>>> print(open('work-v9.cif').read())   # mmCIF, C-alpha atoms
data_entry
#
loop_
_atom_site.label_atom_id
_atom_site.label_comp_id
_atom_site.auth_asym_id
_atom_site.auth_seq_id
_atom_site.Cartn_x
_atom_site.Cartn_y
_atom_site.Cartn_z
CA MET M 16 -1.52 -20.86 -5.89
CA THR M 17 0.38 -23.91 -4.66
CA GLU M 18 2.45 -23.87 -1.48
CA SER M 19 5.62 -24.42 -3.50
CA LEU M 20 4.88 -21.50 -5.81
CA ALA M 21 4.10 -19.28 -2.82
CA ARG M 22 7.54 -20.09 -1.41
CA LEU M 23 9.14 -19.19 -4.70
CA ARG M 24 7.24 -15.90 -4.68
CA LEU M 25 8.63 -15.26 -1.18
CA LEU M 26 12.15 -15.85 -2.47
CA GLN M 27 11.46 -13.34 -5.23
CA LEU M 28 10.06 -10.80 -2.77
CA THR M 29 13.09 -11.08 -0.48
CA SER M 30 15.75 -11.37 -3.17
CA PRO M 31 18.58 -8.81 -3.24
CA ALA M 32 17.75 -8.57 -6.95
CA LEU M 33 14.33 -7.05 -6.18
CA PRO M 34 14.60 -3.50 -7.58
CA VAL M 35 13.66 -1.51 -4.47
CA GLY M 36 17.10 -0.09 -3.71
CA ALA M 37 17.69 -1.88 -0.41
CA PHE M 38 21.41 -2.12 -1.20
CA ALA M 39 21.73 1.68 -0.92
CA TYR M 40 20.97 1.80 2.81
CA SER M 41 22.96 0.77 5.88
CA GLN M 42 20.44 2.07 8.48
CA GLY M 43 23.06 3.74 10.66
CA LEU M 44 25.66 1.00 10.34
CA GLU M 45 27.95 3.25 8.29
CA TRP M 46 28.22 5.73 11.14
CA ALA M 47 28.57 2.94 13.70
CA VAL M 48 31.63 1.76 11.81
CA GLU M 49 32.95 5.35 11.45
CA ALA M 50 32.58 5.84 15.21
CA SER M 51 34.30 2.49 15.93
CA TRP M 52 31.18 1.10 17.58
CA VAL M 53 31.41 -1.76 15.10
CA ARG M 54 34.97 -2.82 14.35
CA ASP M 55 34.96 -6.51 13.54
CA GLU M 56 32.84 -9.62 13.05
CA ALA M 57 31.98 -9.98 16.73
CA ASP M 58 30.86 -6.34 16.96
CA THR M 59 28.72 -6.79 13.86
CA VAL M 60 26.97 -9.80 15.38
CA ASP M 61 26.38 -7.88 18.60
CA TRP M 62 25.02 -4.80 16.76
CA LEU M 63 22.64 -6.80 14.59
CA ALA M 64 21.52 -9.12 17.40
CA GLY M 65 20.53 -6.06 19.43
CA LEU M 66 18.47 -4.66 16.58
CA ILE M 67 16.78 -8.02 16.00
CA GLY M 68 15.82 -8.39 19.65
CA ASP M 69 14.72 -4.80 20.16
CA ALA M 70 13.58 -3.26 16.88
CA LEU M 71 12.53 -6.13 14.63
CA ALA M 72 10.85 -8.30 17.27
CA HIS M 73 8.94 -5.51 18.99
CA LEU M 74 8.23 -3.04 16.19
CA ASP M 75 8.73 -3.98 12.54
CA LEU M 76 7.53 -7.58 12.66
CA PRO M 77 4.40 -7.15 14.82
CA LEU M 78 3.34 -4.19 12.67
CA LEU M 79 4.02 -6.21 9.52
CA ALA M 80 1.82 -8.99 10.91
CA ARG M 81 -1.03 -6.52 11.39
CA MET M 82 -0.56 -5.15 7.89
CA TYR M 83 -0.65 -8.69 6.54
CA ILE M 84 -3.96 -9.36 8.29
CA ALA M 85 -5.39 -6.05 7.08
CA CYS M 86 -4.50 -6.90 3.49
CA GLY M 87 -6.02 -10.35 3.89
CA VAL M 88 -9.42 -8.96 4.82
CA GLY M 89 -9.29 -6.04 2.40
CA ASP M 90 -9.17 -3.43 5.17
CA GLU M 91 -7.26 -0.56 3.60
CA ALA M 92 -7.97 1.75 6.54
CA ALA M 93 -6.32 -0.67 8.97
CA LEU M 94 -3.36 -1.09 6.64
CA ARG M 95 -3.00 2.69 6.46
CA HIS M 96 -3.13 2.94 10.26
CA TRP M 97 -0.41 0.39 10.87
CA ALA M 98 1.78 1.70 8.05
CA ARG M 99 1.61 5.17 9.58
CA CYS M 100 2.52 3.71 12.97
CA LEU M 101 5.67 2.22 11.47
CA LEU M 102 6.60 5.42 9.65
CA ALA M 103 6.08 7.44 12.85
CA ALA M 104 8.47 5.11 14.67
CA ARG M 105 11.31 5.95 12.26
CA GLU M 106 13.13 8.47 14.42
CA THR M 107 15.35 10.22 11.87
CA ALA M 108 14.91 11.96 8.53
CA GLU M 109 17.09 9.36 6.81
CA LEU M 110 15.10 6.41 8.08
CA ARG M 111 11.80 8.04 7.14
CA ALA M 112 13.13 8.89 3.69
CA GLU M 113 14.28 5.30 3.21
CA GLU M 114 10.83 4.03 4.13
CA ALA M 115 9.21 6.33 1.58
CA VAL M 116 11.66 5.75 -1.27
CA ARG M 117 11.60 1.98 -0.94
CA ALA M 118 7.81 2.03 -0.64
CA ARG M 119 7.52 3.95 -3.90
CA ALA M 120 9.85 1.54 -5.69
CA LEU M 121 7.95 -1.51 -4.42
CA VAL M 122 4.52 -0.11 -5.33
CA THR M 123 5.73 0.71 -8.84
CA LEU M 124 7.06 -2.83 -9.17
CA LEU M 125 3.84 -4.45 -7.92
CA VAL M 126 1.76 -2.40 -10.34
CA ASP M 127 4.10 -3.31 -13.21
CA LEU M 128 3.84 -6.98 -12.25
CA GLY M 129 0.06 -6.80 -12.40
CA VAL M 130 -0.59 -7.52 -8.71
CA ALA M 131 -4.33 -7.00 -8.28
CA ASP M 132 -5.46 -3.83 -6.43
CA ALA M 133 -1.89 -2.51 -6.04
CA GLY M 134 -2.93 0.44 -8.19
CA PRO M 135 -6.14 1.36 -6.31
CA TRP M 136 -4.32 0.98 -2.97
CA ARG M 137 -1.29 2.93 -4.19
CA GLU M 138 -1.56 5.91 -1.82
CA THR M 139 -1.72 3.64 1.21
CA LEU M 140 1.11 1.40 0.03
CA LEU M 141 3.29 4.47 -0.48
CA ILE M 142 3.35 5.15 3.28
CA SER M 143 5.68 2.29 4.15
CA GLN M 144 7.57 -0.32 2.20
CA ALA M 145 6.41 -2.87 4.78
CA ALA M 146 2.84 -2.20 3.63
CA GLY M 147 3.76 -3.16 0.09
CA PHE M 148 5.54 -6.24 1.35
CA ALA M 149 2.47 -7.35 3.32
CA PHE M 150 0.25 -6.63 0.33
CA ALA M 151 2.41 -8.71 -2.01
CA ALA M 152 2.65 -11.54 0.52
CA GLN M 153 -1.12 -11.79 0.71
CA ALA M 154 -1.56 -11.47 -3.06
CA TRP M 155 0.92 -14.28 -3.66
CA GLY M 156 -0.47 -16.63 -1.01
CA ILE M 157 2.57 -16.49 1.27
CA ALA M 158 1.83 -17.70 4.78
CA GLU M 159 2.01 -15.13 7.56
CA ARG M 160 4.92 -16.66 9.46
CA ASP M 161 6.86 -17.23 6.25
CA ALA M 162 6.27 -13.60 5.27
CA LEU M 163 7.61 -12.33 8.59
CA LEU M 164 10.64 -14.62 8.43
CA GLY M 165 11.31 -13.54 4.86
CA TYR M 166 11.06 -9.85 5.74
CA ALA M 167 13.45 -10.33 8.66
CA TRP M 168 15.88 -12.36 6.56
CA ALA M 169 15.92 -9.72 3.81
CA TRP M 170 16.72 -7.06 6.42
CA LEU M 171 19.51 -9.16 7.94
CA GLU M 172 21.01 -10.07 4.58
CA ASN M 173 21.10 -6.41 3.55
CA GLN M 174 22.74 -5.39 6.82
CA VAL M 175 25.38 -8.09 6.46
CA ALA M 176 26.07 -7.04 2.88
CA ALA M 177 26.63 -3.48 4.13
CA ALA M 178 28.90 -4.69 6.93
CA ILE M 179 31.03 -6.68 4.48
CA LYS M 180 31.78 -3.42 2.64
CA LEU M 181 32.06 -1.13 5.65
CA VAL M 182 33.84 -2.95 8.49
CA PRO M 183 35.16 -4.52 6.21
CA LEU M 184 34.51 -8.24 6.46
CA GLY M 185 35.17 -11.13 4.13
CA GLN M 186 32.37 -12.97 2.35
CA THR M 187 32.89 -16.01 4.58
CA ALA M 188 32.60 -13.86 7.69
CA GLY M 189 29.32 -12.56 6.31
CA GLN M 190 28.02 -16.10 5.95
CA ARG M 191 29.08 -16.91 9.50
CA ILE M 192 27.06 -13.92 10.74
CA LEU M 193 23.99 -15.03 8.80
CA LEU M 194 24.36 -18.53 10.20
CA ALA M 195 24.81 -17.23 13.74
CA LEU M 196 21.78 -14.91 13.68
CA ALA M 197 19.25 -16.99 11.74
CA ALA M 198 17.88 -18.58 14.90
CA ALA M 199 17.38 -15.13 16.42
CA LEU M 200 15.04 -14.27 13.55
CA ASP M 201 12.89 -17.29 14.36
CA VAL M 202 12.65 -16.15 17.99
CA ALA M 203 11.89 -12.59 16.87
CA VAL M 204 8.94 -13.81 14.80
CA ASP M 205 7.61 -15.80 17.76
CA THR M 206 7.87 -12.69 19.92
CA ALA M 207 6.21 -10.50 17.31
CA LEU M 208 3.24 -12.82 16.84
CA ALA M 209 2.63 -12.96 20.58
CA LEU M 210 2.54 -9.20 21.17
CA GLY M 211 -0.67 -7.31 21.79
CA ASP M 212 -1.29 -3.94 20.18
CA ASP M 213 -0.34 -2.03 23.33
CA ASP M 214 2.97 -3.90 23.61
CA ILE M 215 4.30 -2.81 20.22
CA GLY M 216 7.22 -0.41 20.36
CA ALA M 217 10.99 -0.40 20.39
CA SER M 218 13.81 1.62 21.84
CA ALA M 219 17.04 1.53 19.84
CA PRO M 220 18.86 4.74 20.85
CA ALA M 221 22.17 3.69 19.30
CA LEU M 222 20.47 3.22 15.94
CA SER M 223 18.81 6.63 16.20
CA LEU M 224 22.07 8.34 17.13
CA ALA M 225 23.99 6.58 14.36
CA SER M 226 21.35 7.53 11.81
CA CYS M 227 21.34 11.18 12.95
CA ARG M 228 25.11 11.42 12.77
CA HIS M 229 25.15 9.72 9.38
CA GLU M 230 23.11 12.59 7.93
CA THR M 231 26.19 14.84 8.19
CA GLN M 232 28.91 12.22 7.84
CA TYR M 233 31.68 13.59 5.63
CA THR M 234 32.19 10.57 3.38
CA ARG M 235 29.39 8.09 2.79
CA LEU M 236 28.76 5.02 0.67
CA PHE M 237 25.16 4.57 1.79
CA ARG M 238 22.06 6.75 1.90
CA SER M 239 21.32 5.94 5.55
#
>>> encode(input="work-v9.cif", output="structure tokens")
Amino acid sequence: MTESLARLRLLQLTSPALPVGAFAYSQGLEWAVEASWVRDEADTVDWLAGLIGDALAHLDLPLLARMYIACGVGDEAALRHWARCLLAARETAELRAEEAVRARALVTLLVDLGVADAGPWRETLLISQAAGFAFAAQAWGIAERDALLGYAWAWLENQVAAAIKLVPLGQTAGQRILLALAAALDVAVDTALALGDDDIGASAPALSLASCRHETQYTRLFRS
């Protein structure tokens, strides 16, 4: 596969049109808005920047990197280990359910698209949607750093889309937020790739509290 085609595959994998249901989740942001923790554009930038620096850089991205390597060498046991680590780090029922539902949707898609070995590895890929992402990235020849950047960008874009509806913000404000935080994703990838196994882990208590409270929120647009 050519480098150009691999980049196009990355765009496909991170597209909002990918049918994995990412649009249905706010990951606690809906409660943060309800509680007036996030009230405007500046609050949204602050909320997301904190999650990038704490959660993405020190948990999601370094684990995704290890899943990517495991897929590259055909080590399903290692992939299963790291996928379970990520699932165990999801501190609320909603966040764990999101991981499982999106994983199932992505595995089904990869099998339907004829991605080699997605079927035989199905049970492992069902643990975490990040496992399926890593698997697809390897299968499509996407470079490791590009895969991590793409995963982070897809997360950020989905969060901004949720904020536009919830805060609410205008479309232009959403683009300003994406522009403002893009550089933070690059730094987060650098951090993730430099971490040793024993340094992986994140503390995002506000996210956990928001997700817990969202489970019983009276009116909701999102599933998390």
>>> closest_residue(input="work-v9.cif", among="M:Leu74, M:Ala115, M:Leu171, M:Ala158", to="Ala195 (chain M)", atoms="only C-alpha atoms")
M:Leu171
>>> closest_atom_pairs(input="work-v9.cif", of="region 50-164 of chain M", to="region 224-237 of chain M", cutoff="10 Å", atoms="only C-alpha atoms", output="Markdown table")
| residue | atom | partner | partner_atom | distance |
| --- | --- | --- | --- | --- |
| M:Ala50 | CA | M:Ala225 | CA | 8.7 |
| M:Trp52 | CA | M:Ala225 | CA | 9.6 |
| M:Glu106 | CA | M:Ser226 | CA | 8.7 |
| M:Thr107 | CA | M:Cys227 | CA | 6.2 |
| M:Ala108 | CA | M:Cys227 | CA | 7.8 |
| M:Glu109 | CA | M:Ser226 | CA | 6.8 |
| M:Leu110 | CA | M:Ser226 | CA | 7.4 |
>>> residues_around(input="work-v9.cif", residues="region 185-187 of chain M", least_positions_apart="6", cutoff="12 Å", atoms="only C-alpha atoms", output="compact mmCIF listing (two decimals) with C-alpha atoms, in the frame of the given file")
# COMPACT_ATOMS: atom_id res chain seq x y z
CA ASP M 55 34.96 -6.51 13.54
CA GLU M 56 32.84 -9.62 13.05
CA GLU M 172 21.01 -10.07 4.58
CA VAL M 175 25.38 -8.09 6.46
CA ALA M 176 26.07 -7.04 2.88
CA ALA M 177 26.63 -3.48 4.13
CA ALA M 178 28.90 -4.69 6.93
CA ILE M 179 31.03 -6.68 4.48
CA LEU M 193 23.99 -15.03 8.80
CA LEU M 194 24.36 -18.53 10.20
>>> resolve_selection(input="work-v9.cif", expression="the PyMOL selection byres ((chain M and resi 76-93) around 10)", output="PyMOL selection string")
chain M and resi 67+70-75+94-101+132+136+139-140+145-154+156-160+162-164+166-167+203-212+214-216
>>> closest_residue(input="work-v9.cif", among="M:Ile192, M:Val35, M:Val182, M:Ala219", to="Ala120 (chain M)", atoms="all atoms listed in the file")
M:Val35
